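Below is one structure, written out as structure tokens, with a few remarks after it.
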2 protein chains.
Amino acid sequence: MFSPLIKELIESLRCLPGVGPKSAQKMALYLLERDSQGADRLAEALRHALDKVGRCSQCRTLTEDTLCHICADEGRNNKRLCIVETPADVIAIESTKQFDGLYFVLMGHLSPIDGIGPDELGLDRLDALSDHQGVEEVIIATNSTVEGEATCHYIAQILKPKGIDVSRIAQGVPMGGELEYVDGNTLALALEGRKKL
Amino acid sequence: MFSPLIKELIESLRCLPGVGPKSAQKMALYLLERDSQGADRLAEALRHALDKVGRCSQCRTLTEDTLCHICADEGRNNKRLCIVETPADVIAIESTKQFDGLYFVLMGHLSPIDGIGPDELGLDRLDALSDHQGVEEVIIATNSTVEGEATCHYIAQILKPKGIDVSRIAQGVPMGGELEYVDGNTLALALEGRKKL
Ligand SMILES: [Zn+2]
Ligand SMILES: [Zn+2]
């Protein structure tokens with residue numbers, strides 16, 4: 001019913017998480033009818049982000065800089081490292097204001113079925129990081145899911161022989177819960193109640 | 001907490017209707033982490049649509065062609081015209097498969113406060129259309145809102161003196177609507193518009 005370019009815009013909006021055919025149609029018409037300026041801004045922002053945003057060379061989070069603003073902050077305690085699955089998890093933990101160290105972002109979890117092994121998670125780089133930068137404490141804050149637990153276990157096995165103090169955030173996080181949706185207080189408690197592994 | 005380009009992507013996603021700060025963040029990270037191909041497609045689709053999509057020269061709906069596919073369809077009855085507020089309304093009526101005529105899309109409704117008068121709605125063009133193309137019947141399907149009603153009334157005053165058969169879509173209880181959940185205004189209209197059996 002729509003012309004090809006509008007159809008393609010509707011289809012391409014469906015790549016956004018949580019956007020079904022009905023809302024994609026609504027969004028496309030809204031942009032074309034009422035907010036071409038917003039649409040233009042969005043097209044530019046996507047283009048710029050795609051062209052420039054990559055990974056922090058140290059913690060692997062998303063950023064257009066070589067070092068993200070957390071890794072670049074000399075005020076942070078670089079003897080402490082928190083390992084998380086995604087950039088959204090960094091944001092979630094930062095929002096508790098309870099952690100003053102650095103992060104390491106796996107960009108996923110071990111998942112042999114999907115071909116995601118230690119290399120894909122940058123664990124070789126984590127190894128180098130712990131060896132050369134004198135990390136003394138590592139808090140593993142992967143999701144409380146089967147895969148997150150397996151990933152935690154694997155990492156602990158690598159780090160503990162190095163004499164690093166390795167802990168897991170407490171099970172204050174509900175089982176099956178994804179970190180980015182947990183409220184700040186629960187997260188703060190989970191950090192505080194971390195257990196030695 | 002995010003780098004400037006990611007922040008800008010999150011902000012710009014908020015121009016989409018129904019997208020708040022939390023879902024914008026989720027969408028941005030999803031695109032950058034997991035679907036850069038989808039993001040690229042979306043950026044292109046937005047760019048192409050912005051560059052090429054305009055209004056149908058006859059009915060004013062959104063299209064990249066001079067004439068939309070409905071106006072260009074010689075099988076449609078060009079003596080009948082249905083007037084709607086938006087392109088989405090065209091889609092809604094087309095989906096009923098109960099209308100074989102052409103459309104005229106106002107792209108809004110009369111709203112003096114917002115500076116939207118007859119010219120902004122293309123009513124001059126509607127005038128020309130009815131004079132030169134021999135339109136015999138007009139169905140006004142503007143929204144059942146105060147503005148939609150006012151717009152309907154205004155248009156009817158223009159068209160009726162030309163001897164055109166002008167009607168308004170019926171207002172009443174929606175199909176499957178349970179009376180106790182229908183709002184009072186709708187019920188009042190349904191009562192007023194009752195039909196003899
Ligand atoms: Zn970093
Ligand atoms: Zn048309």
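Residues in the structure tokens are numbered from 1 in each chain, the chains being A, B, ... in the order shown, and ligands are numbered from 1 in the order shown.
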Each residue of chain A with at least one atom at most 10 Å from ligand 1 should appear once, together with its nearest atom pair and the corresponding distance in Å (one decimal); atoms considered: only C-alpha atoms and all ligand atoms; ordering: chain, then increasing residue number; output as a Markdown table.
| residue | atom | partner | partner_atom_place_in_ligand_line | distance |
| --- | --- | --- | --- | --- |
| A:Arg55 | CA | ligand 1 | 1 (Zn) | 7.8 |
| A:Cys56 | CA | ligand 1 | 1 (Zn) | 4.6 |
| A:Ser57 | CA | ligand 1 | 1 (Zn) | 6.6 |
| A:Gln58 | CA | ligand 1 | 1 (Zn) | 5.1 |
| A:Cys59 | CA | ligand 1 | 1 (Zn) | 4.0 |
| A:Arg60 | CA | ligand 1 | 1 (Zn) | 5.9 |
| A:Thr61 | CA | ligand 1 | 1 (Zn) | 5.7 |
| A:Leu62 | CA | ligand 1 | 1 (Zn) | 8.1 |
| A:Thr63 | CA | ligand 1 | 1 (Zn) | 8.0 |
| A:Asp65 | CA | ligand 1 | 1 (Zn) | 9.0 |
| A:Thr66 | CA | ligand 1 | 1 (Zn) | 8.2 |
| A:Leu67 | CA | ligand 1 | 1 (Zn) | 5.2 |
| A:Cys68 | CA | ligand 1 | 1 (Zn) | 4.1 |
| A:His69 | CA | ligand 1 | 1 (Zn) | 6.7 |
| A:Ile70 | CA | ligand 1 | 1 (Zn) | 5.7 |
| A:Cys71 | CA | ligand 1 | 1 (Zn) | 4.3 |
| A:Ala72 | CA | ligand 1 | 1 (Zn) | 7.1 |
| A:Asp73 | CA | ligand 1 | 1 (Zn) | 9.4 |
| A:Pro87 | CA | ligand 1 | 1 (Zn) | 10.0 |
| A:Leu102 | CA | ligand 1 | 1 (Zn) | 7.6 |
| A:Tyr103 | CA | ligand 1 | 1 (Zn) | 6.9 |
| A:Phe104 | CA | ligand 1 | 1 (Zn) | 7.4 |
| A:Val105 | CA | ligand 1 | 1 (Zn) | 8.4 |
Output N, CA and C atoms for every residue in that selection, as a PDB file, in the first residue's frame.
ATOM      1  N   ARG A  55      35.508  -0.009  19.841  1.00  0.00           N
ATOM      2  CA  ARG A  55      35.686  -0.469  21.204  1.00  0.00           C
ATOM      3  C   ARG A  55      36.830   0.266  21.885  1.00  0.00           C
ATOM      4  N   CYS A  56      36.688   0.477  23.173  1.00  0.00           N
ATOM      5  CA  CYS A  56      37.777   1.025  23.975  1.00  0.00           C
ATOM      6  C   CYS A  56      38.930   0.034  23.900  1.00  0.00           C
ATOM      7  N   SER A  57      40.142   0.536  23.671  1.00  0.00           N
ATOM      8  CA  SER A  57      41.271  -0.369  23.483  1.00  0.00           C
ATOM      9  C   SER A  57      41.626  -1.098  24.770  1.00  0.00           C
ATOM     10  N   GLN A  58      41.135  -0.593  25.899  1.00  0.00           N
ATOM     11  CA  GLN A  58      41.464  -1.245  27.159  1.00  0.00           C
ATOM     12  C   GLN A  58      40.318  -2.107  27.701  1.00  0.00           C
ATOM     13  N   CYS A  59      39.110  -1.532  27.797  1.00  0.00           N
ATOM     14  CA  CYS A  59      38.024  -2.278  28.446  1.00  0.00           C
ATOM     15  C   CYS A  59      37.019  -2.861  27.447  1.00  0.00           C
ATOM     16  N   ARG A  60      37.131  -2.511  26.174  1.00  0.00           N
ATOM     17  CA  ARG A  60      36.276  -3.015  25.116  1.00  0.00           C
ATOM     18  C   ARG A  60      34.846  -2.475  25.116  1.00  0.00           C
ATOM     19  N   THR A  61      34.551  -1.451  25.908  1.00  0.00           N
ATOM     20  CA  THR A  61      33.198  -0.907  25.830  1.00  0.00           C
ATOM     21  C   THR A  61      33.075  -0.084  24.544  1.00  0.00           C
ATOM     22  N   LEU A  62      31.842   0.308  24.211  1.00  0.00           N
ATOM     23  CA  LEU A  62      31.635   1.090  22.995  1.00  0.00           C
ATOM     24  C   LEU A  62      32.052   2.538  23.212  1.00  0.00           C
ATOM     25  N   THR A  63      32.839   3.068  22.290  1.00  0.00           N
ATOM     26  CA  THR A  63      33.245   4.469  22.350  1.00  0.00           C
ATOM     27  C   THR A  63      33.886   4.853  21.022  1.00  0.00           C
ATOM     28  N   ASP A  65      36.399   6.947  21.085  1.00  0.00           N
ATOM     29  CA  ASP A  65      37.760   7.299  21.466  1.00  0.00           C
ATOM     30  C   ASP A  65      38.615   6.038  21.616  1.00  0.00           C
ATOM     31  N   THR A  66      39.935   6.223  21.615  1.00  0.00           N
ATOM     32  CA  THR A  66      40.823   5.070  21.809  1.00  0.00           C
ATOM     33  C   THR A  66      40.609   4.488  23.202  1.00  0.00           C
ATOM     34  N   LEU A  67      40.549   5.394  24.170  1.00  0.00           N
ATOM     35  CA  LEU A  67      40.263   4.998  25.553  1.00  0.00           C
ATOM     36  C   LEU A  67      38.924   5.614  25.945  1.00  0.00           C
ATOM     37  N   CYS A  68      38.037   4.823  26.541  1.00  0.00           N
ATOM     38  CA  CYS A  68      36.764   5.379  26.978  1.00  0.00           C
ATOM     39  C   CYS A  68      36.999   6.337  28.146  1.00  0.00           C
ATOM     40  N   HIS A  69      35.963   7.106  28.512  1.00  0.00           N
ATOM     41  CA  HIS A  69      36.192   8.129  29.537  1.00  0.00           C
ATOM     42  C   HIS A  69      36.471   7.525  30.914  1.00  0.00           C
ATOM     43  N   ILE A  70      36.042   6.295  31.127  1.00  0.00           N
ATOM     44  CA  ILE A  70      36.331   5.663  32.426  1.00  0.00           C
ATOM     45  C   ILE A  70      37.793   5.202  32.467  1.00  0.00           C
ATOM     46  N   CYS A  71      38.233   4.512  31.418  1.00  0.00           N
ATOM     47  CA  CYS A  71      39.628   4.062  31.365  1.00  0.00           C
ATOM     48  C   CYS A  71      40.592   5.249  31.384  1.00  0.00           C
ATOM     49  N   ALA A  72      40.142   6.372  30.800  1.00  0.00           N
ATOM     50  CA  ALA A  72      41.010   7.541  30.705  1.00  0.00           C
ATOM     51  C   ALA A  72      41.039   8.354  32.001  1.00  0.00           C
ATOM     52  N   ASP A  73      40.152   8.012  32.934  1.00  0.00           N
ATOM     53  CA  ASP A  73      40.046   8.773  34.177  1.00  0.00           C
ATOM     54  C   ASP A  73      41.109   8.320  35.176  1.00  0.00           C
ATOM     55  N   PRO A  87      28.049  -3.000  27.533  1.00  0.00           N
ATOM     56  CA  PRO A  87      28.178  -1.580  27.893  1.00  0.00           C
ATOM     57  C   PRO A  87      27.011  -1.095  28.755  1.00  0.00           C
ATOM     58  N   LEU A 102      38.026   0.060  37.407  1.00  0.00           N
ATOM     59  CA  LEU A 102      37.849   0.041  35.959  1.00  0.00           C
ATOM     60  C   LEU A 102      36.986  -1.154  35.561  1.00  0.00           C
ATOM     61  N   TYR A 103      36.593  -1.179  34.304  1.00  0.00           N
ATOM     62  CA  TYR A 103      35.739  -2.267  33.810  1.00  0.00           C
ATOM     63  C   TYR A 103      36.444  -3.087  32.745  1.00  0.00           C
ATOM     64  N   PHE A 104      35.904  -4.274  32.535  1.00  0.00           N
ATOM     65  CA  PHE A 104      36.278  -5.040  31.357  1.00  0.00           C
ATOM     66  C   PHE A 104      34.967  -5.586  30.793  1.00  0.00           C
ATOM     67  N   VAL A 105      34.686  -5.222  29.531  1.00  0.00           N
ATOM     68  CA  VAL A 105      33.393  -5.574  28.941  1.00  0.00           C
ATOM     69  C   VAL A 105      33.554  -6.748  27.978  1.00  0.00           C
TER      70      VAL A 105
END
Original post:
How would you write, as a VMD selection string, the set of residues in chain A that DSSP gives as helix (DSSP H, G or I)?
Top reply: chain A and resid 4 to 13 21 to 34 36 to 52 87 to 94 112 to 114 123 to 132 146 to 162 179 to 181 184 to 192
**OP:** Between B:Leu129, B:Cys152, B:Leu50, B:Leu5, single out the one closest to ligand 2, counting only C-alpha atoms and all ligand atoms.
**Re:** B:Leu129
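The Cα RMSD of chain A against chain B, after a best least-squares fit over all residues paired in order, is 5.5 Å.
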Subject >> chain A contacts on chain B, only C-alpha atoms, 8 Å, as an MDAnalysis selection string >> reply: chainID B and resid 1:3 5:6 8:9 12:13 15:17 26:27 29:33 35:36 38:50 53 62:65 68:69 87:88 91 107
**OP:** Take CA of Ile155 in chain A and CA of Ile139 in chain A and report the distance between them in Å, one decimal.
**Re:** 10.5 Å
Original post:
Which distance in Å separates CA of Lys79 in chain A and CA of Thr145 in chain A, to one decimal?
Top reply: 27.2 Å
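For chain B, the set of residues given strand (DSSP E) by DSSP on the backbone reads B:Gly54, B:Arg55, B:Leu62, B:Thr63, B:Asn77, B:Asn78, B:Lys79, B:Arg80, B:Leu81, B:Cys82, B:Ile83, B:Val84, B:Gly101, B:Leu102, B:Tyr103, B:Phe104, B:Val105, B:Glu137, B:Val138, B:Ile139, B:Ile140, B:Asp165, B:Val166, B:Ser167, B:Arg168.
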Original post:
With only C-alpha atoms and all ligand atoms as the atoms that count, which of B:Ala92, B:Ile113, B:Gly20, B:Cys82 lies nearest to ligand 2?
Top reply: B:Cys82
**OP:** For Gly117 in chain B, work out the shell of residues within 12 Å, counting only C-alpha atoms and skipping chain neighbours fewer than 4 positions away, then give it as a PyMOL selection string.
**Re:** chain B and resi 106-113+121-124+147+150-151+154-155
